[in-house]
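Shown next: coords.cif, given as mmCIF, C-alpha atoms.
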data_coords
#
loop_
_atom_site.label_atom_id
_atom_site.label_comp_id
_atom_site.auth_asym_id
_atom_site.auth_seq_id
_atom_site.Cartn_x
_atom_site.Cartn_y
_atom_site.Cartn_z
CA MET H 159 101.27 255.88 84.77
CA GLN H 160 102.58 253.68 87.59
CA LEU H 161 105.48 251.33 86.86
CA ASP H 162 103.42 248.29 87.90
CA GLN H 163 100.72 249.24 85.40
CA LEU H 164 103.29 249.65 82.60
CA VAL H 165 104.71 246.21 83.33
CA GLU H 166 101.22 244.68 83.43
CA ASP H 167 100.31 246.27 80.08
CA HIS H 168 103.55 245.04 78.51
CA VAL H 169 102.98 241.46 79.70
CA ALA H 170 99.44 241.47 78.31
CA LYS H 171 100.51 242.82 74.91
CA THR H 172 103.41 240.37 74.67
CA ALA H 173 101.19 237.39 75.48
CA ALA H 174 98.63 238.45 72.90
CA ALA H 175 101.27 239.05 70.22
CA GLN H 176 102.96 235.67 70.71
CA TYR H 177 99.76 233.66 70.72
CA THR H 178 98.51 232.23 67.43
CA PRO H 179 95.36 230.04 67.46
CA LEU H 180 95.47 226.73 65.60
CA PHE H 181 92.18 227.10 63.75
CA ALA H 182 91.07 230.11 61.73
CA ALA H 183 88.17 231.85 63.45
CA VAL H 184 85.57 234.06 61.78
CA PRO H 185 87.14 237.52 61.15
CA VAL H 186 86.02 239.88 63.88
CA ASP H 187 84.66 242.42 61.40
CA GLN H 188 82.29 239.75 60.07
CA CYS H 189 80.77 239.08 63.51
CA ILE H 190 77.82 240.55 65.37
CA PRO H 191 78.47 240.43 69.15
CA THR H 192 76.11 238.56 71.46
CA GLY H 193 77.05 240.12 74.79
CA CYS H 194 78.17 236.71 76.05
CA THR H 195 81.81 235.63 75.63
CA ILE H 196 81.08 231.88 75.59
CA MET H 197 78.30 232.40 73.05
CA ASN H 198 80.74 234.43 70.94
CA LEU H 199 83.20 231.53 71.06
CA ALA H 200 80.57 228.96 70.15
CA MET H 201 79.39 230.99 67.17
CA SER H 202 82.67 232.30 65.78
CA GLY H 203 85.61 230.82 67.67
CA ARG H 204 86.49 234.28 69.04
CA VAL H 205 85.96 235.85 72.44
CA ASP H 206 85.31 239.16 70.67
CA GLY H 207 83.32 237.56 67.84
CA GLY H 208 79.67 236.59 67.78
CA ALA H 209 77.12 235.47 65.25
CA LYS H 210 78.34 235.54 61.69
CA GLN H 211 76.82 238.31 59.58
CA GLY H 212 74.00 237.09 57.37
CA SER H 213 72.91 234.41 59.84
CA ILE H 214 69.56 233.18 61.07
CA VAL H 215 69.66 232.27 64.76
CA HIS H 216 66.93 230.05 66.22
CA THR H 217 66.64 230.31 70.01
CA ILE H 218 64.34 227.76 71.68
CA GLY H 219 63.61 227.46 75.37
CA ASP H 220 61.32 226.85 78.29
CA SER H 221 59.74 229.62 80.31
CA ASP H 222 62.09 231.50 82.66
CA THR H 223 65.28 230.44 80.89
CA GLY H 224 66.34 233.88 79.69
CA LYS H 225 65.41 233.63 76.00
CA SER H 226 64.27 237.25 75.81
CA VAL H 227 67.04 238.49 78.10
CA LEU H 228 69.69 236.83 75.94
CA ALA H 229 68.19 238.36 72.79
CA MET H 230 68.03 241.81 74.39
CA THR H 231 71.60 241.46 75.66
CA GLY H 232 72.72 240.89 72.07
CA LEU H 233 70.88 244.02 70.92
CA ALA H 234 72.37 246.02 73.81
CA GLU H 235 75.90 244.87 72.96
CA ALA H 236 75.36 245.74 69.29
CA SER H 237 74.12 249.20 70.27
CA ILE H 238 77.53 250.08 71.80
CA ASP H 239 79.82 248.13 69.46
CA ALA H 240 81.48 250.10 66.66
CA ARG H 241 80.95 247.19 64.25
CA CYS H 242 77.21 247.82 64.45
CA ASN H 243 77.13 251.61 64.29
CA ASP H 244 75.24 251.52 61.00
CA TYR H 245 72.82 248.76 61.99
CA LEU H 246 69.11 249.23 62.55
CA LEU H 247 68.01 247.42 65.73
CA TYR H 248 64.54 245.86 65.87
CA LYS H 249 62.61 243.98 68.54
CA ASP H 250 59.38 242.43 67.22
CA ASP H 251 57.44 241.74 70.41
CA SER H 252 54.75 239.53 68.92
CA GLU H 253 53.90 238.16 72.36
CA GLN H 254 53.07 241.69 73.56
CA SER H 255 54.77 240.88 76.83
CA ASP H 256 57.89 243.05 76.70
CA SER H 257 58.09 244.74 80.09
CA PHE H 258 61.85 245.18 80.41
CA PRO H 259 62.99 248.58 81.67
CA VAL H 260 65.21 248.93 78.62
CA ARG H 261 67.13 252.03 79.65
CA GLU H 262 67.82 250.74 83.17
CA MET H 263 68.77 247.17 82.16
CA PHE H 264 70.31 247.61 78.73
CA GLY H 265 71.50 251.20 78.58
CA ASP H 266 70.78 254.54 76.97
CA SER H 267 72.18 253.54 73.59
CA LEU H 268 69.75 250.66 73.08
CA ALA H 269 66.83 252.67 74.48
CA THR H 270 67.57 255.33 71.86
CA ARG H 271 68.15 253.01 68.90
CA LEU H 272 65.65 250.22 69.49
CA LYS H 273 62.66 250.14 67.12
CA HIS H 274 59.56 248.04 66.56
CA PRO H 275 58.92 247.03 62.93
CA GLY H 276 55.25 247.97 62.40
CA LYS H 277 53.54 251.27 61.76
CA ASP H 278 53.38 253.55 64.80
CA ASP H 279 56.15 251.48 66.40
CA THR H 280 53.97 248.39 66.77
CA SER H 281 54.89 244.71 66.57
CA SER H 282 53.67 241.93 64.27
CA TYR H 283 50.39 240.14 64.89
CA PHE H 284 50.24 237.81 61.89
CA ILE H 285 53.17 235.82 60.55
CA GLU H 286 52.57 237.62 57.26
CA ASP H 287 53.24 240.92 59.10
CA PHE H 288 56.59 239.57 60.23
CA PHE H 289 57.69 238.55 56.74
CA PHE H 290 56.43 241.80 55.21
CA SER H 291 58.58 243.68 57.73
CA ILE H 292 61.66 241.59 56.91
CA TYR H 293 61.16 241.96 53.15
CA GLY H 294 60.71 245.71 53.56
CA LEU H 295 63.95 246.04 55.51
CA LEU H 296 65.86 243.92 53.01
CA LYS H 297 64.68 246.12 50.14
CA LYS H 298 66.25 249.12 51.87
CA ALA H 299 69.60 247.29 51.65
CA GLU H 300 70.66 248.57 55.07
CA PRO H 301 72.13 246.21 57.67
CA PHE H 302 69.87 245.35 60.59
CA ILE H 303 69.52 243.06 63.60
CA TYR H 304 65.97 241.78 64.01
CA VAL H 305 64.69 239.82 67.01
CA LEU H 306 61.32 238.10 66.71
CA ASP H 307 60.08 237.27 70.21
CA SER H 308 58.47 234.95 69.53
CA MET H 309 57.30 232.71 66.69
CA ASP H 310 54.62 231.43 69.07
CA GLY H 311 53.20 234.92 69.51
CA LEU H 312 52.28 235.19 65.82
CA GLU H 313 48.86 234.30 64.45
CA SER H 314 48.22 233.13 60.90
CA HIS H 315 45.36 234.09 58.65
CA ALA H 316 44.70 230.39 58.05
CA GLY H 317 44.38 229.81 61.79
CA VAL H 318 42.01 232.75 62.25
CA ASP H 319 39.87 231.65 59.29
CA LEU H 320 39.57 228.12 60.73
CA PHE H 321 38.64 229.51 64.17
CA GLU H 322 35.89 231.69 62.73
CA GLU H 323 34.55 228.82 60.61
CA ASN H 324 34.46 226.56 63.66
CA MET H 325 32.62 229.23 65.64
CA LYS H 326 29.83 229.11 63.04
CA LEU H 327 29.79 225.31 63.04
CA HIS H 328 29.65 225.27 66.85
CA ALA H 329 26.71 227.67 66.85
CA LYS H 330 24.85 225.30 64.51
CA GLY H 331 25.68 222.27 66.64
CA LYS H 332 27.84 220.72 63.92
CA ASP H 333 31.19 218.94 64.20
CA LEU H 334 34.23 221.18 64.19
CA LYS H 335 36.90 220.99 61.54
CA GLN H 336 40.23 219.64 62.74
CA SER H 337 43.49 221.49 62.20
CA TYR H 338 46.79 219.84 61.28
CA GLY H 339 48.73 223.03 61.90
CA ASP H 340 48.27 226.76 62.22
CA GLY H 341 49.71 227.68 58.81
CA LYS H 342 52.97 229.09 60.18
CA ALA H 343 55.04 226.09 59.09
CA LYS H 344 53.95 226.60 55.49
CA LYS H 345 54.72 230.33 55.59
CA ASN H 346 58.14 229.67 57.07
CA SER H 347 58.90 227.05 54.45
CA GLU H 348 57.89 229.47 51.68
CA ASN H 349 59.73 232.54 52.95
CA LEU H 350 62.75 231.73 55.11
CA ARG H 351 64.84 230.34 52.27
CA LYS H 352 64.10 233.42 50.17
CA ILE H 353 65.38 235.86 52.76
CA LYS H 354 68.52 233.96 53.77
CA ALA H 355 70.60 235.10 50.78
CA ALA H 356 69.40 238.67 51.21
CA LEU H 357 70.39 238.64 54.87
CA LYS H 358 73.91 237.66 53.80
CA ASN H 359 74.05 240.41 51.17
CA THR H 360 73.08 243.08 53.71
CA LYS H 361 75.23 241.55 56.51
CA SER H 362 72.12 241.43 58.68
CA LEU H 363 71.07 239.08 61.48
CA LEU H 364 67.69 237.51 62.22
CA ASN H 365 67.09 235.97 65.65
CA ILE H 366 63.86 233.96 65.93
CA VAL H 367 62.82 233.00 69.46
CA SER H 368 60.55 229.99 70.02
CA GLN H 369 58.90 228.45 73.05
CA THR H 370 59.06 224.74 73.73
CA ARG H 371 55.80 222.82 73.63
CA ASP H 372 57.03 220.56 76.45
CA ASN H 373 59.62 221.26 79.08
CA ILE H 374 63.18 220.30 78.24
CA ASN H 375 64.75 217.81 80.63
CA PRO H 376 67.72 219.85 81.96
CA MET H 377 69.76 216.69 82.55
CA THR H 378 69.43 215.12 79.11
CA MET H 379 68.49 218.27 77.13
CA ALA H 380 66.20 216.03 75.05
CA GLU H 381 64.81 218.15 72.26
CA GLN H 382 61.12 218.88 72.43
CA VAL H 383 58.89 220.42 69.77
CA HIS H 384 58.43 224.05 68.82
CA SER H 385 55.97 225.85 66.57
CA GLY H 386 56.79 227.03 63.09
CA GLY H 387 57.74 223.76 61.41
CA ARG H 388 60.97 222.11 60.36
CA ALA H 389 62.04 224.89 58.02
CA LEU H 390 63.24 226.84 61.05
CA LYS H 391 66.02 224.36 61.70
CA PHE H 392 66.79 223.67 58.05
CA VAL H 393 67.50 227.32 57.22
CA SER H 394 69.03 228.40 60.54
CA THR H 395 72.76 228.98 60.76
CA TYR H 396 72.60 228.38 64.50
CA GLN H 397 70.02 226.66 66.67
CA PHE H 398 70.26 226.25 70.42
CA TRP H 399 67.98 225.21 73.29
CA LEU H 400 67.66 226.58 76.81
CA ALA H 401 66.43 224.71 79.88
CA PRO H 402 66.23 225.70 83.57
CA ARG H 403 69.35 224.68 85.47
CA GLY H 404 68.75 226.20 88.88
CA LYS H 405 68.45 229.41 90.84
CA ILE H 406 70.90 232.12 91.78
CA VAL H 407 70.45 232.57 95.53
CA ARG H 408 71.76 235.28 97.82
CA SER H 409 71.69 235.19 101.61
CA ILE H 410 70.38 238.35 103.28
CA ASN H 411 69.98 238.54 107.06
CA GLY H 412 70.43 234.80 107.29
CA LYS H 413 67.71 234.01 104.75
CA ASP H 414 68.14 232.81 101.17
CA HIS H 415 66.48 234.84 98.43
CA GLN H 416 66.38 234.05 94.74
CA CYS H 417 68.01 236.82 92.72
CA GLY H 418 68.30 235.18 89.31
CA VAL H 419 68.23 232.00 87.25
CA LEU H 420 70.69 229.56 85.74
CA ALA H 421 69.93 228.31 82.23
CA ARG H 422 71.61 225.46 80.43
CA VAL H 423 72.38 226.16 76.77
CA ARG H 424 72.95 223.43 74.22
CA PHE H 425 73.58 223.96 70.51
CA SER H 426 71.82 221.57 68.15
CA LYS H 427 73.01 223.22 64.94
CA ASN H 428 76.08 225.30 64.16
CA HIS H 429 77.06 225.81 60.53
CA VAL H 430 80.00 228.08 61.32
CA THR H 431 82.26 226.47 63.93
CA GLY H 432 80.44 223.14 64.03
CA ARG H 433 80.57 223.13 67.86
CA HIS H 434 77.47 221.85 69.64
CA LEU H 435 78.50 223.62 72.80
CA ASP H 436 76.84 222.96 76.15
CA PHE H 437 77.22 225.52 78.96
CA VAL H 438 75.36 227.40 81.71
CA LEU H 439 74.24 231.04 81.61
CA GLU H 440 73.97 233.12 84.77
CA ILE H 441 71.11 235.63 84.55
CA PRO H 442 70.54 237.85 87.62
CA PHE H 443 67.14 239.54 87.78
CA GLY H 444 67.16 243.08 86.40
CA TYR H 445 70.73 242.76 85.10
CA GLY H 446 70.78 240.68 81.96
CA VAL H 447 73.32 237.99 81.17
CA ASP H 448 76.23 238.03 83.62
CA ASP H 449 78.97 237.53 81.07
CA GLU H 450 81.93 237.34 83.44
CA ARG H 451 80.37 234.85 85.85
CA THR H 452 79.17 232.73 82.91
CA THR H 453 82.68 232.73 81.45
CA ILE H 454 84.36 231.92 84.78
CA ARG H 455 81.90 229.07 85.30
CA TRP H 456 82.92 227.65 81.89
CA MET H 457 86.63 228.03 82.70
CA CYS H 458 86.11 226.10 85.95
CA ASP H 459 83.63 223.48 84.75
CA ASP H 460 84.95 220.04 83.78
CA THR H 461 82.50 220.08 80.85
CA GLY H 462 84.07 223.35 79.73
CA ALA H 463 87.74 224.27 79.84
CA GLY H 464 88.19 222.85 83.35
CA LEU H 465 91.36 224.87 83.93
CA TRP H 466 90.47 227.11 86.85
CA GLU H 467 88.98 226.46 90.26
CA LEU H 468 86.42 228.42 92.24
CA ALA H 469 86.05 227.51 95.91
CA LYS H 470 85.13 229.48 99.03
CA GLY H 471 85.12 232.77 97.19
CA VAL H 472 88.59 232.30 95.69
CA ILE H 473 89.44 231.85 91.99
CA THR H 474 92.58 229.88 91.22
CA THR H 475 93.98 230.30 87.70
CA LYS H 476 97.05 228.76 86.06
CA GLY H 477 98.81 232.10 86.23
CA GLU H 478 98.60 232.29 82.44
CA CYS H 479 98.70 235.42 80.26
CA GLY H 480 99.85 237.69 83.07
CA LEU H 481 97.10 236.69 85.51
CA GLU H 482 97.83 236.12 89.16
CA LYS H 483 97.38 232.56 90.40
CA THR H 484 94.76 233.43 93.02
CA TYR H 485 92.15 236.14 93.39
CA LYS H 486 89.24 236.86 95.64
CA ALA H 487 86.31 236.13 93.34
CA LYS H 488 84.56 239.48 93.86
CA GLU H 489 87.77 241.42 93.20
CA PHE H 490 88.57 239.36 90.11
CA ILE H 491 85.09 239.84 88.63
CA ALA H 492 85.19 243.58 89.33
CA GLY H 493 88.64 243.80 87.73
CA VAL H 494 87.81 241.97 84.50
CA ARG H 495 84.62 243.98 84.01
CA GLN H 496 86.67 247.13 83.52
CA PRO H 497 88.67 247.94 80.36
CA GLY H 498 92.41 247.53 80.90
CA ALA H 499 95.26 245.08 81.09
CA MET H 500 93.53 242.73 83.53
CA ARG H 501 90.55 242.30 81.20
CA THR H 502 92.88 241.82 78.23
CA ASN H 503 94.81 239.10 80.10
CA TYR H 504 91.57 237.41 81.17
CA LEU H 505 90.10 237.33 77.64
CA THR H 506 93.40 236.11 76.19
CA ALA H 507 93.40 233.26 78.73
CA VAL H 508 89.82 232.32 77.81
CA GLN H 509 90.67 232.39 74.10
CA MET H 510 93.71 230.19 74.66
CA ALA H 511 91.65 227.75 76.71
CA TRP H 512 89.10 227.52 73.89
CA ASP H 513 91.74 226.98 71.20
CA ASN H 514 93.63 224.40 73.23
CA LEU H 515 90.39 222.52 73.72
CA GLU H 516 89.64 222.76 69.99
CA THR H 517 93.10 221.38 69.24
CA LYS H 518 92.32 218.28 71.29
CA LEU H 519 88.81 217.85 69.90
CA ARG H 520 89.59 218.33 66.22
CA LYS H 521 91.93 216.63 63.83
CA PRO H 522 93.19 217.85 60.45
CA GLY H 523 90.94 217.52 57.43
CA ARG H 524 90.90 214.16 55.74
CA TYR H 525 92.51 215.52 52.57
CA SER H 526 94.85 218.03 54.17
CA CYS H 527 98.60 217.51 54.30
CA GLY H 528 98.33 217.33 58.09
CA SER H 529 96.17 214.22 58.05
CA THR H 530 97.30 211.64 60.61
CA ASN H 531 96.09 208.63 58.59
CA GLY H 532 94.69 206.95 61.67
CA GLN H 533 97.66 207.60 63.94
CA ASP H 534 95.42 209.50 66.36
CA MET H 535 93.08 206.57 67.00
CA GLU H 536 92.73 205.60 70.62
CA GLU H 537 94.09 202.21 71.53
#
As structure tokens, please, write out the structure in this file.
Amino acid sequence: MQLDQLVEDHVAKTAAAQYTPLFAAVPVDQCIPTGCTIMNLAMSGRVDGGAKQGSIVHTIGDSDTGKSVLAMTGLAEASIDARCNDYLLYKDDSEQSDSFPVREMFGDSLATRLKHPGKDDTSSYFIEDFFFSIYGLLKKAEPFIYVLDSMDGLESHAGVDLFEENMKLHAKGKDLKQSYGDGKAKKNSENLRKIKAALKNTKSLLNIVSQTRDNINPMTMAEQVHSGGRALKFVSTYQFWLAPRGKIVRSINGKDHQCGVLARVRFSKNHVTGRHLDFVLEIPFGYGVDDERTTIRWMCDDTGAGLWELAKGVITTKGECGLEKTYKAKEFIAGVRQPGAMRTNYLTAVQMAWDNLETKLRKPGRYSCGSTNGQDMEE
């Protein structure tokens, strides 16, 4: 090994050993990775963390905001992470619109391990099918990660019965019966609470994807409505919303071409870290979530860490954790995508930025010995 590499490794290990975060994060062996470093931080307080085992995640978003891509990225990350070696991985494509080239986008491991919950590898049609699948998996007492994409793609027997009854009334020229819901809210209220404890016991994860009924305003992120009723938020460990934030554009032969989307993410519920984080995902077409560019954007953004700068293809850091002070952006991104000292330094710097920000945002518990008794109030 070259001397420069030995020195770089030593600096990285020393920085990591000397750094102690202020707040206790979720232990890494109790986390299920998301494939997105900033999402990991929001959910667990750790760059290498993720959603806490036993959680229900509710993902809500407009069309073309990467809801399905984000869910698949989480499954792909789990398929190669040693913490999830024993997990069963399920994608319940109730919308019947899953056209991702799984092997090309998300790797051989996910393509081999990914299952659909129904007989003959089918997906749920009725909401009852979905809950029967979940109950069946929980009875096996094996850990699993289950993505329902989406709640809107499920029918209910009550909704079908009403439709058929109205067909008969219409044929007779009679008034149609009005519906005050499709029955899914009631089923969710009856069943979600029952499965939450069992999810915790099996260390499993349920990710329910929902569509918005109206577009989210990307500037205000005003919450809109979603199907499935209020029980979805009440029982969820995490709930977050996605809205379109812009396009990723690349210039080829002097012409701009869209090659991806930007999606704004805002948490509206977080029962683990309490952080209602707000950040932007970068999602290139055919790639999945671009974790490194998303993380760098957060490190540079004034609404994020605001520590680094990105201008004219150059990233300027603080020179922390063994990083150089300036890099060409393409070279930096290529470097931190590979295992090694540079990636270790980069992730340590991101973790430190998160914890320093948390230190400024939080204050000691009211009844802890570190309470400031009002001394931290702004004048």
Specify as a list in words each residue included when the PyMOL selection byres ((chain H and resi 416) around 9) is applied to this file. Lys405, Ile406, Val407, Arg408, Ser409, Asp414, His415, Cys417, Gly418, Val419 and Phe443 of chain H
Show which residues sit within 10 Å of H:Asp256, as a list in words. Count all atoms listed in the file, and ignore same-chain residues fewer than 6 positions away. Ser226, Lys249, Asp250 and Asp307 of chain H
Rounded to one decimal place, report the atom CA of H:Asp244-atom CA of H:Pro275 distance in Å.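 According to the coordinates, atom CA of H:Asp244 and atom CA of H:Pro275 are separated by 17.0 Å.
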Residue IDs satisfying the PyMOL selection byres ((chain H and resi 456) around 12), as a count of residues only: 36
Name all residues at most 8 Å from H:Gly193 (count all atoms listed in the file; drop same-chain ones fewer than 5 positions away) and give them as a list of chain:residue names.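 Counting only the stated atoms, we get H:Asn198, H:Thr231, H:Gly232, H:Ala234, H:Glu235, H:Val447, H:Asp449.
Among the candidate residues H:His274, H:Lys361, H:Lys297, H:Arg520, the one lying nearest to H:Arg433 is H:Arg520, with distances computed using only C-alpha atoms.
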What does the distance from atom CA of H:Gly341 to atom CA of H:Gly311 come to in Å, to one decimal?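 Value for the atom CA of H:Gly341-atom CA of H:Gly311 distance: 13.4 Å.
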Do you know which residues the PyMOL selection byres ((chain H and resi 391) around 12) returns on this file, as a PyMOL selection string? chain H and resi 214-218+343+346-347+350-351+366+368+383-390+392-399+425-429
Skip H:Gly207 itself and residues of its chain fewer than 6 positions away, then list as a PyMOL selection string all residues within 6 Å of it, counting only C-alpha atoms. chain H and resi 186+189+191+198
